[in-house]
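start24.pdb (PDB, C-alpha atoms, pLDDT in the B column) appears below.
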ATOM      1  CA  MET A   1     -13.286  28.868 -22.334  1.00 56.00           C
ATOM      2  CA  LYS A   2     -14.583  25.347 -21.889  1.00 65.00           C
ATOM      3  CA  LEU A   3     -11.895  22.735 -21.354  1.00 72.00           C
ATOM      4  CA  SER A   4     -11.765  19.790 -23.710  1.00 87.00           C
ATOM      5  CA  ARG A   5     -12.281  16.388 -22.125  1.00 88.00           C
ATOM      6  CA  GLY A   6      -8.695  15.467 -22.918  1.00 89.00           C
ATOM      7  CA  TRP A   7      -7.415  18.449 -20.945  1.00 92.00           C
ATOM      8  CA  LEU A   8      -9.862  17.684 -18.124  1.00 94.00           C
ATOM      9  CA  ALA A   9      -8.497  14.148 -17.843  1.00 95.00           C
ATOM     10  CA  THR A  10      -4.941  15.513 -17.918  1.00 95.00           C
ATOM     11  CA  ILE A  11      -5.685  17.967 -15.094  1.00 96.00           C
ATOM     12  CA  VAL A  12      -7.208  15.174 -12.987  1.00 96.00           C
ATOM     13  CA  ILE A  13      -4.203  12.911 -13.517  1.00 97.00           C
ATOM     14  CA  VAL A  14      -1.567  15.585 -12.904  1.00 97.00           C
ATOM     15  CA  GLY A  15      -3.472  17.091  -9.951  1.00 97.00           C
ATOM     16  CA  ILE A  16      -3.863  13.803  -8.103  1.00 97.00           C
ATOM     17  CA  LEU A  17      -0.297  12.784  -8.905  1.00 97.00           C
ATOM     18  CA  VAL A  18       1.109  16.051  -7.506  1.00 98.00           C
ATOM     19  CA  ILE A  19      -1.039  15.974  -4.349  1.00 98.00           C
ATOM     20  CA  ASP A  20      -0.231  12.303  -3.759  1.00 98.00           C
ATOM     21  CA  GLN A  21       3.500  12.899  -4.050  1.00 98.00           C
ATOM     22  CA  LEU A  22       3.485  16.055  -1.910  1.00 98.00           C
ATOM     23  CA  VAL A  23       1.736  14.177   0.914  1.00 98.00           C
ATOM     24  CA  LYS A  24       4.057  11.173   0.614  1.00 98.00           C
ATOM     25  CA  ILE A  25       7.203  13.306   0.591  1.00 97.00           C
ATOM     26  CA  TRP A  26       5.989  15.276   3.618  1.00 97.00           C
ATOM     27  CA  VAL A  27       5.269  12.074   5.543  1.00 98.00           C
ATOM     28  CA  LYS A  28       8.559  10.526   4.486  1.00 97.00           C
ATOM     29  CA  THR A  29      10.598  13.558   5.584  1.00 96.00           C
ATOM     30  CA  HIS A  30       8.654  14.528   8.729  1.00 97.00           C
ATOM     31  CA  MET A  31       7.676  11.196  10.325  1.00 97.00           C
ATOM     32  CA  PHE A  32       9.615   8.089  11.238  1.00 97.00           C
ATOM     33  CA  LEU A  33       8.467   4.691  10.047  1.00 96.00           C
ATOM     34  CA  GLY A  34       5.652   3.452  12.284  1.00 96.00           C
ATOM     35  CA  GLU A  35       4.850   6.886  13.720  1.00 97.00           C
ATOM     36  CA  SER A  36       1.205   7.854  14.063  1.00 97.00           C
ATOM     37  CA  ILE A  37      -0.447  11.271  14.299  1.00 97.00           C
ATOM     38  CA  HIS A  38      -3.839  11.120  16.011  1.00 96.00           C
ATOM     39  CA  ILE A  39      -6.313  13.342  14.158  1.00 95.00           C
ATOM     40  CA  THR A  40      -9.595  11.931  15.504  1.00 94.00           C
ATOM     41  CA  ASP A  41     -10.674   8.644  17.098  1.00 90.00           C
ATOM     42  CA  TRP A  42     -11.482   7.352  13.612  1.00 93.00           C
ATOM     43  CA  PHE A  43      -8.670   8.923  11.550  1.00 96.00           C
ATOM     44  CA  GLN A  44      -4.892   8.819  11.921  1.00 96.00           C
ATOM     45  CA  ILE A  45      -1.844   9.634   9.828  1.00 97.00           C
ATOM     46  CA  TYR A  46       0.084   6.378  10.238  1.00 97.00           C
ATOM     47  CA  PHE A  47       3.360   6.057   8.316  1.00 97.00           C
ATOM     48  CA  ILE A  48       4.068   2.619   6.862  1.00 96.00           C
ATOM     49  CA  GLU A  49       5.642   1.325   3.663  1.00 95.00           C
ATOM     50  CA  ASN A  50       4.868  -1.727   1.575  1.00 88.00           C
ATOM     51  CA  ASN A  51       6.254  -3.661  -1.376  1.00 79.00           C
ATOM     52  CA  GLY A  52       2.912  -4.695  -2.770  1.00 64.00           C
ATOM     53  CA  MET A  53      -0.151  -3.355  -4.459  1.00 57.00           C
ATOM     54  CA  ALA A  54      -2.983  -1.147  -3.159  1.00 55.00           C
ATOM     55  CA  PHE A  55      -3.747  -1.241   0.591  1.00 55.00           C
ATOM     56  CA  GLY A  56      -0.499  -3.073   1.356  1.00 53.00           C
ATOM     57  CA  MET A  57      -1.333  -6.329  -0.397  1.00 56.00           C
ATOM     58  CA  GLU A  58       1.564  -8.484  -1.584  1.00 58.00           C
ATOM     59  CA  MET A  59       1.566 -10.238  -4.947  1.00 57.00           C
ATOM     60  CA  GLY A  60       4.533 -11.510  -6.900  1.00 59.00           C
ATOM     61  CA  SER A  61       8.008  -9.992  -7.100  1.00 71.00           C
ATOM     62  CA  LYS A  62       8.693  -6.304  -6.566  1.00 74.00           C
ATOM     63  CA  LEU A  63      10.159  -5.805 -10.039  1.00 81.00           C
ATOM     64  CA  PHE A  64       7.200  -7.553 -11.668  1.00 82.00           C
ATOM     65  CA  LEU A  65       4.728  -5.338  -9.809  1.00 81.00           C
ATOM     66  CA  THR A  66       6.562  -2.173 -10.814  1.00 84.00           C
ATOM     67  CA  LEU A  67       6.792  -3.151 -14.469  1.00 87.00           C
ATOM     68  CA  PHE A  68       3.140  -4.232 -14.427  1.00 86.00           C
ATOM     69  CA  ARG A  69       2.107  -0.810 -13.105  1.00 87.00           C
ATOM     70  CA  ILE A  70       4.127   0.973 -15.802  1.00 93.00           C
ATOM     71  CA  VAL A  71       2.575  -1.085 -18.587  1.00 94.00           C
ATOM     72  CA  ALA A  72      -0.903  -0.608 -17.093  1.00 93.00           C
ATOM     73  CA  VAL A  73      -0.506   3.178 -16.917  1.00 95.00           C
ATOM     74  CA  GLY A  74       0.770   3.273 -20.488  1.00 96.00           C
ATOM     75  CA  LEU A  75      -2.260   1.323 -21.697  1.00 96.00           C
ATOM     76  CA  LEU A  76      -4.653   3.514 -19.692  1.00 96.00           C
ATOM     77  CA  ILE A  77      -3.159   6.710 -21.137  1.00 96.00           C
ATOM     78  CA  PHE A  78      -3.446   5.227 -24.626  1.00 95.00           C
ATOM     79  CA  TYR A  79      -7.070   4.314 -23.905  1.00 94.00           C
ATOM     80  CA  ILE A  80      -7.862   7.838 -22.687  1.00 94.00           C
ATOM     81  CA  CYS A  81      -6.368   9.274 -25.880  1.00 93.00           C
ATOM     82  CA  ARG A  82      -8.557   6.925 -27.917  1.00 91.00           C
ATOM     83  CA  ILE A  83     -11.863   7.727 -26.209  1.00 89.00           C
ATOM     84  CA  ARG A  84     -11.491  11.381 -25.240  1.00 88.00           C
ATOM     85  CA  ASN A  85     -13.273  12.657 -28.376  1.00 87.00           C
ATOM     86  CA  ARG A  86     -15.927   9.958 -28.637  1.00 85.00           C
ATOM     87  CA  ASN A  87     -19.229  11.724 -28.067  1.00 83.00           C
ATOM     88  CA  TYR A  88     -21.084   8.670 -26.750  1.00 82.00           C
ATOM     89  CA  ILE A  89     -18.630   8.369 -23.854  1.00 86.00           C
ATOM     90  CA  LYS A  90     -19.779  10.247 -20.753  1.00 90.00           C
ATOM     91  CA  THR A  91     -17.319  12.674 -19.187  1.00 91.00           C
ATOM     92  CA  GLY A  92     -17.754  10.878 -15.860  1.00 94.00           C
ATOM     93  CA  TYR A  93     -16.462   7.655 -17.403  1.00 94.00           C
ATOM     94  CA  LEU A  94     -13.389   9.444 -18.699  1.00 94.00           C
ATOM     95  CA  ILE A  95     -12.768  10.926 -15.244  1.00 95.00           C
ATOM     96  CA  CYS A  96     -12.995   7.445 -13.680  1.00 96.00           C
ATOM     97  CA  ILE A  97     -10.305   6.169 -16.050  1.00 96.00           C
ATOM     98  CA  ALA A  98      -8.227   9.258 -15.253  1.00 97.00           C
ATOM     99  CA  LEU A  99      -8.552   8.578 -11.494  1.00 97.00           C
ATOM    100  CA  ILE A 100      -7.375   4.994 -11.932  1.00 96.00           C
ATOM    101  CA  THR A 101      -4.496   6.134 -14.148  1.00 97.00           C
ATOM    102  CA  ALA A 102      -3.434   8.814 -11.658  1.00 97.00           C
ATOM    103  CA  GLY A 103      -3.515   6.374  -8.752  1.00 95.00           C
ATOM    104  CA  ALA A 104      -1.429   3.788 -10.560  1.00 93.00           C
ATOM    105  CA  ALA A 105       1.058   6.456 -11.669  1.00 95.00           C
ATOM    106  CA  GLY A 106       1.360   7.795  -8.115  1.00 94.00           C
ATOM    107  CA  ASN A 107       2.491   4.435  -6.766  1.00 93.00           C
ATOM    108  CA  ILE A 108       4.847   3.976  -9.723  1.00 93.00           C
ATOM    109  CA  VAL A 109       6.849   7.020  -8.621  1.00 95.00           C
ATOM    110  CA  ASP A 110       7.412   5.439  -5.200  1.00 94.00           C
ATOM    111  CA  SER A 111       8.349   2.065  -6.631  1.00 92.00           C
ATOM    112  CA  VAL A 112      10.727   3.400  -9.268  1.00 94.00           C
ATOM    113  CA  PHE A 113      12.470   6.299  -7.534  1.00 95.00           C
ATOM    114  CA  TYR A 114      12.025   6.328  -3.745  1.00 96.00           C
ATOM    115  CA  GLY A 115      14.641   3.645  -3.166  1.00 95.00           C
ATOM    116  CA  MET A 116      17.248   5.865  -4.832  1.00 95.00           C
ATOM    117  CA  ILE A 117      16.037   9.185  -3.365  1.00 96.00           C
ATOM    118  CA  PHE A 118      15.648   8.327   0.337  1.00 97.00           C
ATOM    119  CA  ASN A 119      17.629   6.462   2.950  1.00 96.00           C
ATOM    120  CA  ASN A 120      15.991   4.077   5.405  1.00 93.00           C
ATOM    121  CA  PRO A 121      17.083   4.888   8.969  1.00 94.00           C
ATOM    122  CA  TYR A 122      15.924   3.029  12.049  1.00 93.00           C
ATOM    123  CA  PRO A 123      13.079   4.727  13.952  1.00 93.00           C
ATOM    124  CA  PRO A 124      12.882   7.263  15.488  1.00 94.00           C
ATOM    125  CA  GLU A 125      15.214   8.784  12.886  1.00 96.00           C
ATOM    126  CA  ILE A 126      13.511  10.392   9.902  1.00 97.00           C
ATOM    127  CA  ALA A 127      14.405   9.608   6.297  1.00 96.00           C
ATOM    128  CA  GLN A 128      16.636  12.006   4.414  1.00 95.00           C
ATOM    129  CA  ALA A 129      16.257  12.897   0.753  1.00 95.00           C
ATOM    130  CA  PHE A 130      19.357  12.409  -1.431  1.00 95.00           C
ATOM    131  CA  PRO A 131      21.619  11.238   1.422  1.00 94.00           C
ATOM    132  CA  PRO A 132      25.400  11.241   0.782  1.00 94.00           C
ATOM    133  CA  GLU A 133      25.575   7.464   1.230  1.00 93.00           C
ATOM    134  CA  GLY A 134      22.848   6.898  -1.347  1.00 94.00           C
ATOM    135  CA  GLY A 135      19.346   5.469  -1.143  1.00 96.00           C
ATOM    136  CA  TYR A 136      18.079   2.279   0.440  1.00 95.00           C
ATOM    137  CA  ALA A 137      17.385   0.405  -2.812  1.00 93.00           C
ATOM    138  CA  SER A 138      18.084   0.365  -6.527  1.00 91.00           C
ATOM    139  CA  LEU A 139      15.906   1.686  -9.353  1.00 92.00           C
ATOM    140  CA  PHE A 140      12.485  -0.046  -9.548  1.00 91.00           C
ATOM    141  CA  HIS A 141      12.774  -1.423  -6.015  1.00 90.00           C
ATOM    142  CA  GLY A 142      11.435   1.414  -3.887  1.00 92.00           C
ATOM    143  CA  ARG A 143       8.659   0.926  -1.347  1.00 93.00           C
ATOM    144  CA  VAL A 144       5.241   2.583  -1.539  1.00 94.00           C
ATOM    145  CA  VAL A 145       4.427   5.096   1.209  1.00 96.00           C
ATOM    146  CA  ASP A 146       1.037   4.722   2.942  1.00 96.00           C
ATOM    147  CA  MET A 147      -0.393   6.949   5.643  1.00 97.00           C
ATOM    148  CA  LEU A 148      -4.215   7.173   5.674  1.00 97.00           C
ATOM    149  CA  TYR A 149      -5.684   5.048   8.459  1.00 96.00           C
ATOM    150  CA  PHE A 150      -9.375   4.938   9.346  1.00 96.00           C
ATOM    151  CA  PRO A 151     -10.036   2.652  12.362  1.00 94.00           C
ATOM    152  CA  LEU A 152     -13.750   3.471  12.231  1.00 91.00           C
ATOM    153  CA  PHE A 153     -14.953   1.060  14.920  1.00 88.00           C
ATOM    154  CA  SER A 154     -13.948  -2.101  16.768  1.00 89.00           C
ATOM    155  CA  PHE A 155     -15.478  -4.791  18.928  1.00 88.00           C
ATOM    156  CA  TYR A 156     -15.019  -8.337  20.207  1.00 90.00           C
ATOM    157  CA  TRP A 157     -17.081 -11.041  18.553  1.00 91.00           C
ATOM    158  CA  PRO A 158     -19.464 -12.785  20.982  1.00 91.00           C
ATOM    159  CA  GLU A 159     -18.149 -16.128  22.208  1.00 91.00           C
ATOM    160  CA  TRP A 160     -21.057 -17.990  20.612  1.00 91.00           C
ATOM    161  CA  VAL A 161     -20.119 -16.879  17.063  1.00 89.00           C
ATOM    162  CA  PRO A 162     -18.492 -19.809  15.199  1.00 90.00           C
ATOM    163  CA  VAL A 163     -14.797 -19.551  14.247  1.00 88.00           C
ATOM    164  CA  VAL A 164     -14.342 -15.871  15.210  1.00 88.00           C
ATOM    165  CA  GLY A 165     -15.987 -15.949  18.657  1.00 89.00           C
ATOM    166  CA  GLY A 166     -13.993 -13.949  21.208  1.00 90.00           C
ATOM    167  CA  ASN A 167     -11.685 -12.436  18.566  1.00 93.00           C
ATOM    168  CA  PHE A 168     -11.057  -8.709  18.233  1.00 90.00           C
ATOM    169  CA  PHE A 169     -12.455  -7.049  15.078  1.00 89.00           C
ATOM    170  CA  LEU A 170     -11.352  -3.679  13.735  1.00 88.00           C
ATOM    171  CA  PHE A 171     -12.938  -1.886  10.801  1.00 87.00           C
ATOM    172  CA  PHE A 172     -11.242  -0.466   8.700  1.00 87.00           C
ATOM    173  CA  GLN A 173      -7.723  -1.952   9.064  1.00 89.00           C
ATOM    174  CA  PRO A 174      -5.895  -1.232   5.761  1.00 92.00           C
ATOM    175  CA  ILE A 175      -3.581   1.784   5.617  1.00 94.00           C
ATOM    176  CA  PHE A 176      -3.484   3.428   2.209  1.00 95.00           C
ATOM    177  CA  ASN A 177      -2.528   6.594   0.327  1.00 96.00           C
ATOM    178  CA  ILE A 178      -4.192   9.127  -1.962  1.00 97.00           C
ATOM    179  CA  ALA A 179      -3.200   7.128  -5.051  1.00 96.00           C
ATOM    180  CA  ASP A 180      -4.948   4.035  -3.654  1.00 95.00           C
ATOM    181  CA  ALA A 181      -8.018   6.139  -2.869  1.00 96.00           C
ATOM    182  CA  ALA A 182      -8.117   7.487  -6.437  1.00 97.00           C
ATOM    183  CA  ILE A 183      -7.960   3.966  -7.863  1.00 96.00           C
ATOM    184  CA  THR A 184     -10.694   2.724  -5.518  1.00 95.00           C
ATOM    185  CA  VAL A 185     -13.059   5.631  -6.191  1.00 96.00           C
ATOM    186  CA  GLY A 186     -12.485   5.340  -9.933  1.00 96.00           C
ATOM    187  CA  ILE A 187     -13.202   1.608  -9.977  1.00 95.00           C
ATOM    188  CA  PHE A 188     -16.315   1.779  -7.782  1.00 95.00           C
ATOM    189  CA  VAL A 189     -17.899   4.663  -9.704  1.00 95.00           C
ATOM    190  CA  LEU A 190     -16.990   2.924 -12.960  1.00 93.00           C
ATOM    191  CA  ILE A 191     -18.688  -0.315 -11.912  1.00 92.00           C
ATOM    192  CA  PHE A 192     -21.824   1.250 -10.450  1.00 90.00           C
ATOM    193  CA  PHE A 193     -22.484   3.991 -13.014  1.00 90.00           C
ATOM    194  CA  TYR A 194     -20.537   3.339 -16.222  1.00 87.00           C
ATOM    195  CA  SER A 195     -20.176  -0.441 -16.513  1.00 83.00           C
ATOM    196  CA  LYS A 196     -21.990  -0.498 -19.860  1.00 79.00           C
ATOM    197  CA  TYR A 197     -18.974   1.091 -21.532  1.00 73.00           C
ATOM    198  CA  LEU A 198     -16.725  -1.750 -20.364  1.00 70.00           C
ATOM    199  CA  SER A 199     -18.658  -4.347 -22.362  1.00 68.00           C
ATOM    200  CA  MET A 200     -19.262  -2.176 -25.433  1.00 65.00           C
ATOM    201  CA  THR A 201     -17.633  -3.498 -28.622  1.00 55.00           C
ATOM    202  CA  PRO A 202     -15.833  -1.121 -31.043  1.00 55.00           C
ATOM    203  CA  HIS A 203     -18.708  -1.541 -33.538  1.00 54.00           C
ATOM    204  CA  GLU A 204     -21.301  -0.654 -30.901  1.00 56.00           C
ATOM    205  CA  GLY A 205     -19.229   2.319 -29.898  1.00 55.00           C
ATOM    206  CA  ALA A 206     -18.927   3.575 -33.457  1.00 55.00           C
ATOM    207  CA  SER A 207     -22.680   3.203 -33.957  1.00 60.00           C
ATOM    208  CA  ALA A 208     -23.400   5.068 -30.718  1.00 57.00           C
ATOM    209  CA  ASP A 209     -21.017   7.841 -31.708  1.00 56.00           C
ATOM    210  CA  ALA A 210     -22.673   8.131 -35.112  1.00 56.00           C
ATOM    211  CA  ARG A 211     -26.111   8.440 -33.498  1.00 61.00           C
ATOM    212  CA  LYS A 212     -24.793  11.032 -31.067  1.00 57.00           C
ATOM    213  CA  THR A 213     -23.393  13.213 -33.833  1.00 56.00           C
ATOM    214  CA  GLY A 214     -26.325  12.635 -36.143  1.00 58.00           C
ATOM    215  CA  ASN A 215     -24.208  10.784 -38.722  1.00 53.00           C
ATOM    216  CA  THR A 216     -26.003   7.543 -39.664  1.00 45.00           C
ATOM    217  CA  ASP A 217     -23.757   6.551 -42.563  1.00 42.00           C
ATOM    218  CA  ASN A 218     -21.886   3.948 -40.486  1.00 38.00           C
TER     219      ASN A 218
END

Transcribe the structure of this file into structure tokens.
Amino acid sequence: MKLSRGWLATIVIVGILVIDQLVKIWVKTHMFLGESIHITDWFQIYFIENNGMAFGMEMGSKLFLTLFRIVAVGLLIFYICRIRNRNYIKTGYLICIALITAGAAGNIVDSVFYGMIFNNPYPPEIAQAFPPEGGYASLFHGRVVDMLYFPLFSFYWPEWVPVVGGNFFLFFQPIFNIADAAITVGIFVLIFFYSKYLSMTPHEGASADARKTGNTDN
């Protein structure tokens, strides 16, 4: 039986959310903060935590960021419910929105609950889930777990290059998680392949849907 687009979006969101959390919990309970597992010369599992947004960026207060994420996810879920049955909307567009929603939701779990679930021991001790003494922070003040590190290549800038001459350059420096990756993929595919839907007005959408279904009364 063919899945409806609403169920497809739900599976994408739940699937990414579960995988993201399983990886984060494994890292949190099997590695100490700052530990690195060398997979290849260009890929490492590197355990860090951050208070900010995707890829470790910092912006505003922790509580504001957490509440912003919750509101954003709520609006995205509402938007998916609104567009899931609109025939003029491509399934790929819906999946992009689902990827962004799943990524934002994945980092919400860390921010809301991890501070209460885990302790924060000094390395090389490993964090414990539900410790007797309680977690390291209150509700809404947990830190986001990152672990995917891709130092693809590095070099020193030639001395004759202005400003950066002689400095060390590493690509790619940010450490991120599966939720961040889902958001990034969703946004890039959305921009490059489905940007027309972002600027479409409700009237244009209704007209397109009418043409798609063969109903020209609107």

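You will find atom CA of A:Asp20 at 18.6 Å from atom CA of A:Phe140.
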
Sorted per-residue table, stretch 20-72 of chain A near stretch 107-111 of chain A, closest atoms and distance, 8 Å, only C-alpha atoms, as a tab-separated table:
residue	atom	partner	partner_atom	distance
A:Thr66	CA	A:Ser111	CA	6.2
A:Arg69	CA	A:Ile108	CA	6.5
A:Ile70	CA	A:Ile108	CA	6.8

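Every residue within 10 Å of the file position (-18.3, 2.8, 18.1), judged by all atoms listed in the file, is given as A:Asp41, A:Trp42, A:Leu152, A:Phe153, A:Ser154, A:Phe155.
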
I'd like the interatomic distance between atom CA of A:Asn119 and atom CA of A:Ala102, to a tenth of an Å.
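Between atom CA of A:Asn119 and atom CA of A:Ala102 the gap works out to 25.7 Å.
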
Selection result for the PyMOL selection byres ((chain A and resi 5-17) around 12) on this file, as number ranges by chain:
A: 2-4, 18-24, 73, 76-87, 89-110, 177-183, 186

Could you jot down the atom CA of A:Ile48 to atom CA of A:Phe176 separation for me, Å, one decimal place?
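About the pair atom CA of A:Ile48 and atom CA of A:Phe176: they are 8.9 Å apart.
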
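Using only C-alpha atoms for every distance, the candidate list A:Asn167, A:Val189, A:Tyr88, A:Gln128 yields A:Gln128 as the residue closest to A:Val27.
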
Evaluate the PyMOL selection byres ((chain A and resi 168) around 9) and report residues as a CSV table (one decimal) with C-alpha atoms, in the frame of the given file:
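part-v8.csv, written as the output of this step:
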chain,number,residue,atom,x,y,z
A,154,SER,CA,-13.9,-2.1,16.8
A,155,PHE,CA,-15.5,-4.8,18.9
A,156,TYR,CA,-15.0,-8.3,20.2
A,157,TRP,CA,-17.1,-11.0,18.6
A,164,VAL,CA,-14.3,-15.9,15.2
A,165,GLY,CA,-16.0,-15.9,18.7
A,166,GLY,CA,-14.0,-13.9,21.2
A,167,ASN,CA,-11.7,-12.4,18.6
A,169,PHE,CA,-12.5,-7.0,15.1
A,170,LEU,CA,-11.4,-3.7,13.7

Nearest-residue call for A:Arg143, choices A:Phe113, A:Tyr46, A:Trp160, A:Tyr122, using all atoms listed in the file:
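Of A:Phe113, A:Tyr46, A:Trp160, A:Tyr122, the one nearest A:Arg143, counting all atoms listed in the file, is A:Phe113.
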
Point out the residue among A:Leu75, A:Val161, A:Ile25, A:Ile37 with the least atom-to-atom distance to A:Ile117, counting only C-alpha atoms.
A:Ile25

Out of A:Val145, A:Leu63, A:Leu190, A:Val71, which residue has the shortest atom-to-atom distance to A:Phe118 when counting only C-alpha atoms?
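Closest to A:Phe118, using only C-alpha atoms: A:Val145.
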
So that I can see what lies close to A:Ala127, please list as a compact mmCIF listing (two decimals) with C-alpha atoms, in the coordinates of the input the residues with an atom at most 10 Å from it, counting all atoms listed in the file and leaving out residues fewer than 2 positions away in the same chain.
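Okay, this is what ended up in part_16.txt:
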# COMPACT_ATOMS: atom_id res chain seq x y z
CA ILE A 25 7.20 13.31 0.59
CA VAL A 27 5.27 12.07 5.54
CA LYS A 28 8.56 10.53 4.49
CA THR A 29 10.60 13.56 5.58
CA HIS A 30 8.65 14.53 8.73
CA MET A 31 7.68 11.20 10.32
CA PHE A 32 9.62 8.09 11.24
CA LEU A 33 8.47 4.69 10.05
CA ILE A 117 16.04 9.18 -3.36
CA PHE A 118 15.65 8.33 0.34
CA ASN A 119 17.63 6.46 2.95
CA ASN A 120 15.99 4.08 5.40
CA PRO A 121 17.08 4.89 8.97
CA TYR A 122 15.92 3.03 12.05
CA PRO A 123 13.08 4.73 13.95
CA PRO A 124 12.88 7.26 15.49
CA GLU A 125 15.21 8.78 12.89
CA ALA A 129 16.26 12.90 0.75
CA PHE A 130 19.36 12.41 -1.43
CA PRO A 131 21.62 11.24 1.42
CA GLY A 135 19.35 5.47 -1.14

Might you spell out which residues the PyMOL selection byres ((chain A and resi 172) around 7) would select in the displayed file, as a count of residues only?
7
